[in-house]
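Shown next: target30.tsv, given as TSV, C-alpha atoms (C1' of nucleotides).
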chain	number	residue	atom	x	y	z
Z	1	MET	CA	-13.36	10.99	-5.48
Z	2	PRO	CA	-14.42	10.04	-1.95
Z	3	GLY	CA	-14.26	12.83	0.59
Z	4	ILE	CA	-12.13	12.72	3.68
Z	5	PRO	CA	-14.14	11.39	6.62
Z	6	GLU	CA	-15.69	14.07	8.80
Z	7	LYS	CA	-15.94	14.53	12.55
Z	8	LYS	CA	-18.61	12.00	13.37
Z	9	SER	CA	-18.28	9.61	10.52
Z	10	ILE	CA	-15.63	7.16	11.62
Z	11	LEU	CA	-18.16	5.14	13.56
Z	12	ASP	CA	-20.59	5.32	10.65
Z	13	ASP	CA	-17.84	4.13	8.39
Z	14	LEU	CA	-17.14	1.14	10.61
Z	15	ALA	CA	-20.82	0.30	10.81
Z	16	GLY	CA	-21.18	0.64	7.06
Z	17	ARG	CA	-18.53	-2.01	6.62
Z	18	GLY	CA	-20.39	-4.43	8.84
Z	19	LEU	CA	-18.01	-3.96	11.74
Z	20	ARG	CA	-19.50	-4.01	15.22
Z	21	LEU	CA	-19.88	-0.83	17.16
Z	22	THR	CA	-18.81	-1.95	20.58
Z	23	SER	CA	-18.70	0.39	23.53
Z	24	GLN	CA	-14.93	0.06	23.47
Z	25	ARG	CA	-14.64	1.12	19.86
Z	26	ARG	CA	-16.98	3.98	20.47
Z	27	ALA	CA	-14.92	5.22	23.39
Z	28	ILE	CA	-11.64	4.91	21.50
Z	29	VAL	CA	-12.87	6.54	18.32
Z	30	GLU	CA	-14.58	9.39	20.14
Z	31	THR	CA	-11.46	9.99	22.18
Z	32	ILE	CA	-9.36	10.29	19.05
Z	33	GLN	CA	-11.88	12.59	17.40
Z	34	ASP	CA	-12.25	14.87	20.41
Z	35	ALA	CA	-8.55	15.06	21.17
Z	36	GLN	CA	-6.87	18.36	20.55
Z	37	GLY	CA	-3.27	17.27	20.11
Z	38	HIS	CA	-1.60	14.08	19.03
Z	39	LEU	CA	-2.34	10.99	21.04
Z	40	ASP	CA	-0.06	8.06	21.67
Z	41	ALA	CA	-1.53	4.66	22.46
Z	42	ALA	CA	-1.00	4.87	26.22
Z	43	THR	CA	-2.64	8.29	26.49
Z	44	LEU	CA	-5.45	7.17	24.27
Z	45	LEU	CA	-6.03	4.20	26.56
Z	46	LYS	CA	-6.21	6.38	29.65
Z	47	LEU	CA	-8.57	8.90	28.05
Z	48	ALA	CA	-10.79	6.26	26.51
Z	49	GLN	CA	-11.10	4.53	29.89
Z	50	LYS	CA	-12.65	7.70	31.29
Z	51	ARG	CA	-15.51	7.21	28.86
Z	52	GLU	CA	-15.64	3.45	29.13
Z	53	PRO	CA	-13.66	1.80	31.92
Z	54	ARG	CA	-13.76	-1.59	30.22
Z	55	VAL	CA	-11.32	-0.55	27.49
Z	56	ASN	CA	-8.23	-2.71	27.45
Z	57	ARG	CA	-4.78	-1.92	26.14
Z	58	ALA	CA	-4.91	-4.69	23.56
Z	59	THR	CA	-8.19	-3.34	22.26
Z	60	VAL	CA	-6.67	0.09	21.82
Z	61	TYR	CA	-3.87	-1.37	19.72
Z	62	ARG	CA	-6.25	-3.54	17.76
Z	63	THR	CA	-8.55	-0.60	17.08
Z	64	LEU	CA	-5.70	1.67	16.07
Z	65	ASP	CA	-4.52	-0.99	13.69
Z	66	LEU	CA	-7.99	-1.32	12.24
Z	67	LEU	CA	-8.42	2.42	11.74
Z	68	LYS	CA	-4.98	2.66	10.22
Z	69	ARG	CA	-5.68	-0.07	7.72
Z	70	LEU	CA	-8.98	1.52	6.80
Z	71	ARG	CA	-7.11	4.80	6.38
Z	72	LEU	CA	-9.33	6.58	8.87
Z	73	ILE	CA	-6.39	7.76	10.94
Z	74	ASP	CA	-2.76	8.61	10.27
Z	75	GLU	CA	0.15	7.34	12.27
Z	76	LEU	CA	2.94	9.76	13.11
Z	77	ASP	CA	6.40	9.29	14.52
Z	78	LEU	CA	6.98	12.96	15.31
Z	79	MET	CA	10.73	12.47	14.95
Z	80	HIS	CA	10.80	10.13	17.96
Z	81	LEU	CA	11.04	13.09	20.27
Z	82	GLU	CA	9.53	11.10	23.11
Z	83	GLY	CA	10.85	7.61	22.59
Z	84	GLU	CA	9.67	5.23	19.95
Z	85	LYS	CA	5.96	5.45	20.49
Z	86	HIS	CA	3.59	6.46	17.72
Z	87	PHE	CA	1.01	9.19	17.59
Z	88	TYR	CA	-2.32	9.27	15.84
Z	89	GLU	CA	-4.64	11.83	14.33
Z	90	THR	CA	-7.81	11.60	12.31
Z	91	ARG	CA	-7.36	11.58	8.61
Z	92	SER	CA	-9.67	14.59	8.31
Z	93	LYS	CA	-6.82	16.66	9.64
Z	94	SER	CA	-4.65	15.36	6.84
Z	95	GLY	CA	-2.91	17.48	4.30
Z	96	HIS	CA	-0.55	19.15	6.69
Z	97	PHE	CA	2.77	17.95	8.04
Z	98	HIS	CA	4.63	18.30	11.32
Z	99	LEU	CA	7.59	20.34	12.43
Z	100	ALA	CA	9.22	19.16	15.62
Z	101	CYS	CA	11.41	21.53	17.60
Z	102	LEU	CA	14.31	19.44	18.83
Z	103	SER	CA	14.93	21.94	21.63
Z	104	CYS	CA	11.55	22.58	23.23
Z	105	LYS	CA	9.89	19.44	21.82
Z	106	LYS	CA	6.91	21.38	20.58
Z	107	ILE	CA	5.07	20.11	17.52
Z	108	LEU	CA	3.94	22.59	14.91
Z	109	GLU	CA	1.55	21.77	12.10
Z	110	HIS	CA	2.18	23.33	8.76
Z	111	ASP	CA	1.08	23.22	5.17
Z	112	THR	CA	2.09	24.81	1.91
Z	113	PRO	CA	0.81	24.28	-1.63
Z	114	THR	CA	4.18	22.90	-2.58
Z	115	PHE	CA	3.47	19.88	-0.40
Z	116	ALA	CA	0.45	18.96	-2.49
Z	117	ARG	CA	2.40	19.55	-5.65
Z	118	LEU	CA	5.19	17.34	-4.42
Z	119	LYS	CA	2.77	14.48	-3.84
Z	120	GLN	CA	1.36	14.90	-7.32
Z	121	GLU	CA	4.82	14.99	-8.85
Z	122	VAL	CA	5.94	11.90	-7.00
Z	123	SER	CA	2.90	10.06	-8.21
Z	124	ASP	CA	3.42	11.23	-11.79
Z	125	GLU	CA	7.15	10.62	-11.88
Z	126	THR	CA	7.20	7.20	-10.25
Z	127	GLY	CA	3.85	5.71	-11.18
Z	128	PHE	CA	3.19	4.92	-7.52
Z	129	SER	CA	-0.35	5.07	-6.29
Z	130	ILE	CA	0.13	6.90	-3.03
Z	131	ASP	CA	-1.71	5.81	0.10
Z	132	VAL	CA	0.19	7.60	2.85
Z	133	VAL	CA	2.67	10.44	2.91
Z	134	ARG	CA	4.57	11.13	6.06
Z	135	LEU	CA	6.60	14.33	6.09
Z	136	GLU	CA	8.29	15.28	9.33
Z	137	VAL	CA	10.74	18.08	9.87
Z	138	GLY	CA	13.09	18.29	12.82
Z	139	GLY	CA	14.84	21.50	13.72
Z	140	GLN	CA	14.68	24.46	16.00
Z	141	CYS	CA	11.72	26.77	16.27
Z	142	PRO	CA	12.20	30.55	16.08
Z	143	ALA	CA	11.78	30.96	19.83
Z	144	CYS	CA	14.47	28.42	20.64
Z	145	ARG	CA	16.78	29.85	18.01
Z	146	ASN	CA	16.66	33.16	19.80
Z	147	LEU	CA	17.21	31.64	23.21
Z	148	SER	CA	20.34	29.87	22.04
Z	149	GLY	CA	21.76	33.13	20.77
Z	150	GLY	CA	21.34	32.67	17.06
Z	151	ASN	CA	24.04	30.04	16.89
Z	152	SER	CA	23.97	26.90	14.90
Z	153	PRO	CA	21.18	24.95	16.54
Z	154	LEU	CA	23.27	22.02	17.66
Z	155	LYS	CA	26.66	22.64	19.10
Z	156	ASP	CA	28.93	19.91	20.32
Z	157	ARG	CA	28.15	20.41	23.96
Z	158	GLU	CA	24.51	19.92	23.29
Z	159	VAL	CA	25.05	16.89	21.16
Z	160	LEU	CA	27.71	14.89	22.94
P	1	MET	CA	28.28	26.20	4.71
P	2	PRO	CA	29.89	22.91	5.70
P	3	GLY	CA	29.76	20.23	3.05
P	4	ILE	CA	28.01	16.95	3.48
P	5	PRO	CA	30.49	14.35	4.79
P	6	GLU	CA	32.05	12.22	2.06
P	7	LYS	CA	32.74	8.53	1.81
P	8	LYS	CA	35.72	8.24	4.11
P	9	SER	CA	35.26	11.20	6.37
P	10	ILE	CA	33.00	9.99	9.14
P	11	LEU	CA	35.92	8.52	11.03
P	12	ASP	CA	37.93	11.68	10.41
P	13	ASP	CA	35.04	13.69	11.74
P	14	LEU	CA	34.90	11.63	14.91
P	15	ALA	CA	38.65	11.94	15.40
P	16	GLY	CA	38.47	15.67	14.79
P	17	ARG	CA	36.06	15.98	17.66
P	18	GLY	CA	38.38	14.20	20.01
P	19	LEU	CA	36.35	11.01	19.96
P	20	ARG	CA	38.26	7.76	20.13
P	21	LEU	CA	38.61	5.62	17.04
P	22	THR	CA	38.11	2.19	18.49
P	23	SER	CA	38.19	-0.91	16.34
P	24	GLN	CA	34.48	-1.30	17.02
P	25	ARG	CA	33.62	2.15	15.79
P	26	ARG	CA	35.77	1.64	12.74
P	27	ALA	CA	33.98	-1.60	11.90
P	28	ILE	CA	30.54	-0.11	12.42
P	29	VAL	CA	31.20	3.08	10.47
P	30	GLU	CA	32.87	1.28	7.59
P	31	THR	CA	30.00	-1.17	7.43
P	32	ILE	CA	27.50	1.65	7.14
P	33	GLN	CA	29.55	3.42	4.51
P	34	ASP	CA	30.10	0.33	2.40
P	35	ALA	CA	26.53	-0.90	2.62
P	36	GLN	CA	24.49	-0.76	-0.52
P	37	GLY	CA	20.97	-0.69	0.90
P	38	HIS	CA	19.44	0.43	4.15
P	39	LEU	CA	20.73	-1.24	7.27
P	40	ASP	CA	18.84	-1.94	10.45
P	41	ALA	CA	20.69	-2.30	13.73
P	42	ALA	CA	20.63	-6.10	13.78
P	43	THR	CA	21.99	-6.40	10.25
P	44	LEU	CA	24.59	-3.77	10.94
P	45	LEU	CA	25.72	-5.75	13.98
P	46	LYS	CA	26.10	-8.94	11.98
P	47	LEU	CA	28.01	-7.25	9.16
P	48	ALA	CA	30.24	-5.27	11.48
P	49	GLN	CA	31.14	-8.44	13.36
P	50	LYS	CA	32.57	-9.87	10.15
P	51	ARG	CA	35.12	-7.07	10.22
P	52	GLU	CA	35.64	-7.06	13.95
P	53	PRO	CA	34.17	-9.93	15.95
P	54	ARG	CA	34.35	-8.00	19.20
P	55	VAL	CA	31.51	-5.66	18.23
P	56	ASN	CA	28.65	-5.84	20.68
P	57	ARG	CA	25.01	-5.07	20.13
P	58	ALA	CA	25.02	-2.29	22.71
P	59	THR	CA	27.98	-0.68	20.98
P	60	VAL	CA	26.11	-0.68	17.69
P	61	TYR	CA	23.21	1.16	19.28
P	62	ARG	CA	25.49	3.58	21.07
P	63	THR	CA	27.42	4.32	17.89
P	64	LEU	CA	24.27	4.80	15.85
P	65	ASP	CA	23.03	7.21	18.46
P	66	LEU	CA	26.31	9.09	18.35
P	67	LEU	CA	26.33	9.35	14.55
P	68	LYS	CA	22.72	10.42	14.57
P	69	ARG	CA	23.34	13.20	17.04
P	70	LEU	CA	26.34	14.38	15.07
P	71	ARG	CA	24.14	14.31	11.97
P	72	LEU	CA	26.48	11.99	10.14
P	73	ILE	CA	23.74	9.49	9.40
P	74	ASP	CA	20.00	9.65	8.89
P	75	GLU	CA	17.50	7.41	10.58
P	76	LEU	CA	14.62	6.07	8.51
P	77	ASP	CA	11.41	4.34	9.48
P	78	LEU	CA	10.55	3.19	5.97
P	79	MET	CA	6.87	3.16	6.87
P	80	HIS	CA	7.42	0.38	9.43
P	81	LEU	CA	7.11	-2.18	6.68
P	82	GLU	CA	9.17	-4.67	8.63
P	83	GLY	CA	8.22	-4.05	12.21
P	84	GLU	CA	9.36	-1.15	14.28
P	85	LYS	CA	13.04	-1.28	13.60
P	86	HIS	CA	14.89	1.66	12.15
P	87	PHE	CA	17.14	1.89	9.15
P	88	TYR	CA	20.20	4.01	8.62
P	89	GLU	CA	22.05	5.60	5.75
P	90	THR	CA	24.96	7.99	5.54
P	91	ARG	CA	24.04	11.60	5.35
P	92	SER	CA	25.99	11.92	2.10
P	93	LYS	CA	23.16	10.04	0.44
P	94	SER	CA	20.79	12.67	1.74
P	95	GLY	CA	18.55	14.77	-0.42
P	96	HIS	CA	16.34	12.01	-1.63
P	97	PHE	CA	13.34	10.41	0.02
P	98	HIS	CA	11.85	6.94	0.11
P	99	LEU	CA	8.84	5.33	-1.46
P	100	ALA	CA	7.72	2.10	0.13
P	101	CYS	CA	5.53	-0.29	-1.81
P	102	LEU	CA	3.02	-1.63	0.68
P	103	SER	CA	2.46	-4.71	-1.48
P	104	CYS	CA	5.93	-5.99	-2.40
P	105	LYS	CA	7.74	-4.15	0.41
P	106	LYS	CA	10.33	-2.76	-1.97
P	107	ILE	CA	11.94	0.57	-1.14
P	108	LEU	CA	12.50	3.05	-3.93
P	109	GLU	CA	14.61	6.17	-3.61
P	110	HIS	CA	13.43	9.28	-5.33
P	111	ASP	CA	14.10	12.97	-5.62
P	112	THR	CA	12.56	15.92	-7.36
P	113	PRO	CA	13.47	19.60	-7.27
P	114	THR	CA	10.17	20.34	-5.59
P	115	PHE	CA	11.46	18.52	-2.51
P	116	ALA	CA	14.30	20.99	-2.10
P	117	ARG	CA	11.94	23.87	-2.72
P	118	LEU	CA	9.56	22.54	-0.12
P	119	LYS	CA	12.31	22.50	2.49
P	120	GLN	CA	13.26	26.04	1.63
P	121	GLU	CA	9.66	27.20	1.82
P	122	VAL	CA	9.10	25.53	5.15
P	123	SER	CA	12.15	27.21	6.53
P	124	ASP	CA	11.10	30.61	5.17
P	125	GLU	CA	7.47	30.35	6.19
P	126	THR	CA	7.97	29.03	9.70
P	127	GLY	CA	11.33	30.44	10.73
P	128	PHE	CA	12.48	26.97	11.68
P	129	SER	CA	16.12	26.10	11.23
P	130	ILE	CA	15.83	22.66	9.74
P	131	ASP	CA	18.12	19.86	10.86
P	132	VAL	CA	16.37	16.77	9.53
P	133	VAL	CA	13.64	16.19	7.01
P	134	ARG	CA	12.05	12.80	6.78
P	135	LEU	CA	9.71	12.25	3.86
P	136	GLU	CA	8.33	8.78	3.39
P	137	VAL	CA	5.66	7.73	0.94
P	138	GLY	CA	3.66	4.53	1.23
P	139	GLY	CA	1.68	3.17	-1.67
P	140	GLN	CA	1.80	0.67	-4.44
P	141	CYS	CA	4.50	0.52	-7.07
P	142	PRO	CA	3.59	0.31	-10.76
P	143	ALA	CA	4.40	-3.40	-10.94
P	144	CYS	CA	2.11	-4.26	-8.04
P	145	ARG	CA	-0.64	-2.03	-9.39
P	146	ASN	CA	-0.68	-4.10	-12.54
P	147	LEU	CA	-0.65	-7.39	-10.69
P	148	SER	CA	-3.68	-6.44	-8.67
P	149	GLY	CA	-5.59	-5.68	-11.86
P	150	GLY	CA	-5.54	-1.92	-11.77
P	151	ASN	CA	-7.97	-1.76	-8.90
P	152	SER	CA	-7.81	0.54	-5.96
P	153	PRO	CA	-4.71	-0.63	-4.12
P	154	LEU	CA	-6.42	-1.55	-0.91
P	155	LYS	CA	-9.70	-3.29	-1.03
P	156	ASP	CA	-11.58	-4.45	2.00
P	157	ARG	CA	-10.55	-8.03	1.72
P	158	GLU	CA	-6.94	-7.03	1.75
P	159	VAL	CA	-7.37	-4.67	4.64
P	160	LEU	CA	-9.61	-6.48	7.06
J	1	DC	C1'	-34.75	-14.16	22.18
J	2	DT	C1'	-31.32	-16.90	20.16
J	3	DG	C1'	-27.29	-18.06	17.79
J	4	DC	C1'	-23.50	-17.10	15.11
J	5	DT	C1'	-19.38	-14.66	14.68
J	6	DG	C1'	-16.81	-10.78	15.50
J	7	DT	C1'	-14.57	-8.67	19.67
J	8	DT	C1'	-12.61	-8.41	23.94
J	9	DG	C1'	-9.76	-9.19	28.33
J	10	DC	C1'	-6.15	-11.26	30.16
J	11	DA	C1'	-1.56	-12.31	30.83
J	12	DA	C1'	2.27	-13.95	28.79
J	13	DC	C1'	5.25	-12.90	25.05
J	14	DT	C1'	8.15	-10.60	21.48
J	15	DG	C1'	11.55	-7.64	19.43
J	16	DA	C1'	13.93	-3.46	19.54
J	17	DT	C1'	16.45	-0.64	22.26
J	18	DT	C1'	18.59	1.00	26.77
J	19	DC	C1'	20.97	0.73	31.15
J	20	DG	C1'	24.42	0.10	35.19
J	21	DC	C1'	28.64	-1.07	36.21
J	22	DA	C1'	33.07	-3.20	36.14
J	23	DA	C1'	36.77	-4.11	32.86
J	24	DA	C1'	39.32	-2.67	28.79
J	25	DT	C1'	41.77	0.65	26.01
J	26	DA	C1'	42.80	4.93	22.92
J	27	DG	C1'	45.48	8.45	22.95
J	28	DA	C1'	47.66	12.21	25.64
J	29	DT	C1'	51.58	12.79	28.53
J	30	DA	C1'	55.98	12.15	30.78
K	1	DT	C1'	58.06	3.38	25.59
K	2	DA	C1'	55.55	3.17	30.02
K	3	DT	C1'	51.99	5.36	32.41
K	4	DC	C1'	47.75	7.49	33.25
K	5	DT	C1'	42.94	8.50	32.89
K	6	DA	C1'	38.78	9.61	30.76
K	7	DT	C1'	36.30	7.34	27.32
K	8	DT	C1'	34.41	3.31	25.51
K	9	DT	C1'	33.06	-1.36	25.75
K	10	DG	C1'	30.82	-6.01	27.05
K	11	DC	C1'	27.66	-8.16	29.55
K	12	DG	C1'	23.25	-9.27	31.01
K	13	DA	C1'	19.33	-7.57	32.98
K	14	DA	C1'	15.76	-4.24	32.32
K	15	DT	C1'	12.49	-1.41	29.83
K	16	DC	C1'	9.23	-0.15	26.58
K	17	DA	C1'	5.90	-0.38	22.90
K	18	DG	C1'	3.31	-3.34	20.75
K	19	DT	C1'	1.42	-8.36	19.80
K	20	DT	C1'	-0.70	-12.85	20.51
K	21	DG	C1'	-3.51	-17.19	21.88
K	22	DC	C1'	-7.39	-18.43	23.75
K	23	DA	C1'	-11.53	-18.62	26.41
K	24	DA	C1'	-15.33	-15.62	27.55
K	25	DC	C1'	-18.33	-12.02	25.91
K	26	DA	C1'	-21.66	-9.45	23.23
K	27	DG	C1'	-23.38	-7.05	18.72
K	28	DC	C1'	-26.79	-7.67	15.63
K	29	DA	C1'	-29.25	-10.49	12.00
K	30	DG	C1'	-33.02	-13.50	11.93
Is it possible to give me this structure as structure tokens?
Amino acid sequence: MPGIPEKKSILDDLAGRGLRLTSQRRAIVETIQDAQGHLDAATLLKLAQKREPRVNRATVYRTLDLLKRLRLIDELDLMHLEGEKHFYETRSKSGHFHLACLSCKKILEHDTPTFARLKQEVSDETGFSIDVVRLEVGGQCPACRNLSGGNSPLKDREVL
Amino acid sequence: MPGIPEKKSILDDLAGRGLRLTSQRRAIVETIQDAQGHLDAATLLKLAQKREPRVNRATVYRTLDLLKRLRLIDELDLMHLEGEKHFYETRSKSGHFHLACLSCKKILEHDTPTFARLKQEVSDETGFSIDVVRLEVGGQCPACRNLSGGNSPLKDREVL
DNA sequence: CTGCTGTTGCAACTGATTCGCAAATAGATA
DNA sequence: TATCTATTTGCGAATCAGTTGCAACAGCAG
């Protein structure tokens, strides 16, 4: 069973497949790997350009698409809290899932053994070979629950 | 604990909140409720216009947004198999999740008790009050696995 | 160092969704 | 039933994320 790619290996992986290590790809990949949070394409472009000013928007999208298809990164929607853009993280961080607080917009990462079991069960029960699992939870974090007075998280006046 | 809205009750729910039951809303809501599969906004527009020709695209989006915020429908991404559009289903069908075959693009609905347990655990472990859970699995269905000769589902030549 | 081929930049394009505003109308009220 | 008014709608333009065609560029194998 192949291991999940480690910190520095995405570029190695690309090279190993005969793909060219351009300065643009280097900048983009390193930006993703060094990033703390979840990057969207526009942010990734800006950060990558600090390392290599010649990075173009189209190249960012093309590289993200490449890394996605090679399963070196995961694409997240994060419950569309900030519009329809996507977010990305290295696959090495995989295994967890994301909780989005609909009030304060914070993203929390979480994991529990049941998640792994669920994946196994789904595979067993359906016969699917699973490539990607995207689990996203939207709700209200403990802090925001308290602020809103312990009420149901979404009252009419907040919703309408 | 309020029950999950039943077949005919979305319009009642809207009325109960003092929202106006326009012919457009009726057409859109009934279309969603009567639909068999998963509707995207464009398809919903076309189908709703068969019931009420005066339905406009903007109204479809506004109504979907309203129903989403009232938690009467769920929004799905279905792994972006067909572009970036979203799909919708009534919340009464909730509880299951979706498996998308990356080869034949078919969508399979599935459920397993572990899914419910997972939600409960997440809530207990994180203190989140959960409003929406979106679980989507991408992979290859049994039929497509056989067609591709039992190999790993995504070989280089398919990916690059 | 050269050439072949994979990559890139550019700018125009697409497709989904949103917006501002004037006109229409559901539903409460008289 | 006629009237009133806040809500909802249609329209078309705008936005936003992501994509594309093509000529120029640049890894890297030889």
For the interface of chain Z with chain P (cut-off 9 Å, counting all atoms listed in the file), please tabulate each contacting residue of chain Z alongside its nearest pair of atoms and their separation in Å to one decimal, rows sorted by chain and increasing number, as a Markdown table.
| residue | atom | partner | partner_atom | distance |
| --- | --- | --- | --- | --- |
| Z:Arg17 | CA | P:Asp156 | CA | 8.7 |
| Z:Leu66 | CA | P:Leu160 | CA | 7.5 |
| Z:Arg69 | CA | P:Val159 | CA | 5.8 |
| Z:Leu70 | CA | P:Val159 | CA | 6.8 |
| Z:Asp77 | CA | P:Asp77 | CA | 8.7 |
| Z:Met79 | CA | P:Arg134 | CA | 8.3 |
| Z:Glu84 | CA | P:Glu84 | CA | 8.5 |
| Z:Leu99 | CA | P:Phe128 | CA | 8.3 |
| Z:Cys101 | CA | P:Phe128 | CA | 8.1 |
| Z:Leu102 | CA | P:Asp131 | CA | 8.8 |
| Z:His110 | CA | P:Val122 | CA | 8.1 |
| Z:Asp111 | CA | P:Val122 | CA | 8.3 |
| Z:Thr112 | CA | P:Val122 | CA | 7.8 |
| Z:Thr114 | CA | P:Leu118 | CA | 5.9 |
| Z:Phe115 | CA | P:Leu118 | CA | 6.7 |
| Z:Arg117 | CA | P:Thr114 | CA | 7.8 |
| Z:Leu118 | CA | P:Thr114 | CA | 5.9 |
| Z:Lys119 | CA | P:Val137 | CA | 8.8 |
| Z:Glu121 | CA | P:Thr112 | CA | 7.9 |
| Z:Val122 | CA | P:Thr112 | CA | 7.8 |
| Z:Glu125 | CA | P:Thr112 | CA | 8.8 |
| Z:Thr126 | CA | P:Pro142 | CA | 7.8 |
| Z:Gly127 | CA | P:Pro142 | CA | 5.4 |
| Z:Phe128 | CA | P:Cys141 | CA | 4.6 |
| Z:Ser129 | CA | P:Gln140 | CA | 5.2 |
| Z:Ile130 | CA | P:Gly139 | CA | 4.3 |
| Z:Asp131 | CA | P:Gly139 | CA | 4.6 |
| Z:Val132 | CA | P:Gly138 | CA | 4.9 |
| Z:Val133 | CA | P:Val137 | CA | 4.5 |
| Z:Arg134 | CA | P:Glu136 | CA | 5.2 |
| Z:Leu135 | CA | P:Leu135 | CA | 4.4 |
| Z:Glu136 | CA | P:Arg134 | CA | 5.2 |
| Z:Val137 | CA | P:Val133 | CA | 4.5 |
| Z:Gly138 | CA | P:Val132 | CA | 4.9 |
| Z:Gly139 | CA | P:Ile130 | CA | 4.3 |
| Z:Gln140 | CA | P:Ser129 | CA | 5.2 |
| Z:Cys141 | CA | P:Phe128 | CA | 4.7 |
| Z:Pro142 | CA | P:Gly127 | CA | 5.4 |
| Z:Arg145 | CA | P:Ser129 | CA | 7.8 |
| Z:Ser152 | CA | P:Ser129 | CA | 8.7 |
| Z:Pro153 | CA | P:Ser129 | CA | 7.4 |
| Z:Leu154 | CA | P:Leu70 | CA | 8.6 |
| Z:Asp156 | CA | P:Leu70 | CA | 8.1 |
| Z:Val159 | CA | P:Arg69 | CA | 5.8 |
| Z:Leu160 | CA | P:Leu66 | CA | 7.5 |
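With distances taken from (1.1, -2.8, 23.3) and restricted to only C-alpha atoms (C1' of nucleotides), the residues inside 7 Å are Arg57, Ala58 and Tyr61 of chain Z; DA17, DG18 and DT19 of chain K.
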Residues of chain P that have any atom at most 10 Å from an atom of chain K: could you tabulate them with the shortest-distance atom pair and the distance in Å to one decimal, using all atoms listed in the file, ordered by chain and increasing number, as CSV?
residue,atom,partner,partner_atom,distance
P:Leu19,CA,K:DT7,C1',8.2
P:Arg20,CA,K:DT7,C1',7.5
P:Leu21,CA,K:DT8,C1',9.7
P:Thr22,CA,K:DT8,C1',8.0
P:Gln24,CA,K:DT9,C1',8.8
P:Arg25,CA,K:DT8,C1',9.8
P:Arg54,CA,K:DG10,C1',8.8
P:Val55,CA,K:DT9,C1',8.8
P:Asn56,CA,K:DG10,C1',6.7
P:Arg57,CA,K:DG10,C1',9.1
P:Ala58,CA,K:DG10,C1',8.1
P:Thr59,CA,K:DT9,C1',7.0
P:Arg62,CA,K:DT8,C1',10.0
P:Gly83,CA,K:DG18,C1',9.9
P:Glu84,CA,K:DG18,C1',9.1
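Counting only C-alpha atoms (C1' of nucleotides), the residue from P:Lys106, P:Ala42, P:Asp124, P:Lys93 that sits nearest to chain J is P:Ala42.
Of the residues listed (Z:Ile32, Z:Leu45, Z:Val60, Z:His38), Z:Val60 shows the shortest atom-to-atom separation from chain J; distances use all atoms listed in the file.
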query = Rounded to one decimal in Å, what is the spacing between atom CA of P:Glu109 and atom CA of P:Ser92?
reply =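 Separating atom CA of P:Glu109 from atom CA of P:Ser92 is a distance of 14.0 Å.
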Exercise: Z:Ser94 partners within 9 Å, all atoms listed in the file, chain neighbours under 2 positions left out, as a VMD selection string = chain Z and resid 4 73 to 74 89 to 92 96 to 97
Please enclose the listed atoms of stretch 13-24 of chain K in an axis-aligned box, pad each side by 8 Å, and write out the centre and the three edge lengths in Å, rounded to one decimal, as lines of an AutoDock Vina configuration file.
center_x = 2.0
center_y = -9.4
center_z = 26.4
size_x = 50.7
size_y = 34.5
size_z = 29.2
query = What is the atom CA of P:Gln49-atom CA of P:Glu82 distance in Å, reported with one decimal?
reply =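 Between atom CA of P:Gln49 and atom CA of P:Glu82 the gap works out to 22.8 Å.
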key: Point-to-point distance from atom CA of Z:Ala35 to atom CA of Z:Lys50, Å rounded to tenths   =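 Answer for the atom CA of Z:Ala35 to atom CA of Z:Lys50 separation: 13.2 Å.
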Interface list for chain J, partner chain Z, 10 Å threshold, only C-alpha atoms (C1' of nucleotides), as a PDB file with C-alpha atoms (C1' of nucleotides), in the coordinates of the input:
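selection-v2.pdb written:
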ATOM      1  C1'  DG J   6     -16.810 -10.780  15.500  1.00  0.00           C
ATOM      2  C1'  DT J   7     -14.570  -8.670  19.670  1.00  0.00           C
ATOM      3  C1'  DT J   8     -12.610  -8.410  23.940  1.00  0.00           C
ATOM      4  C1'  DG J   9      -9.760  -9.190  28.330  1.00  0.00           C
ATOM      5  C1'  DC J  10      -6.150 -11.260  30.160  1.00  0.00           C
ATOM      6  C1'  DA J  16      13.930  -3.460  19.540  1.00  0.00           C
ATOM      7  C1'  DT J  17      16.450  -0.640  22.260  1.00  0.00           C
TER       8       DT J  17
END
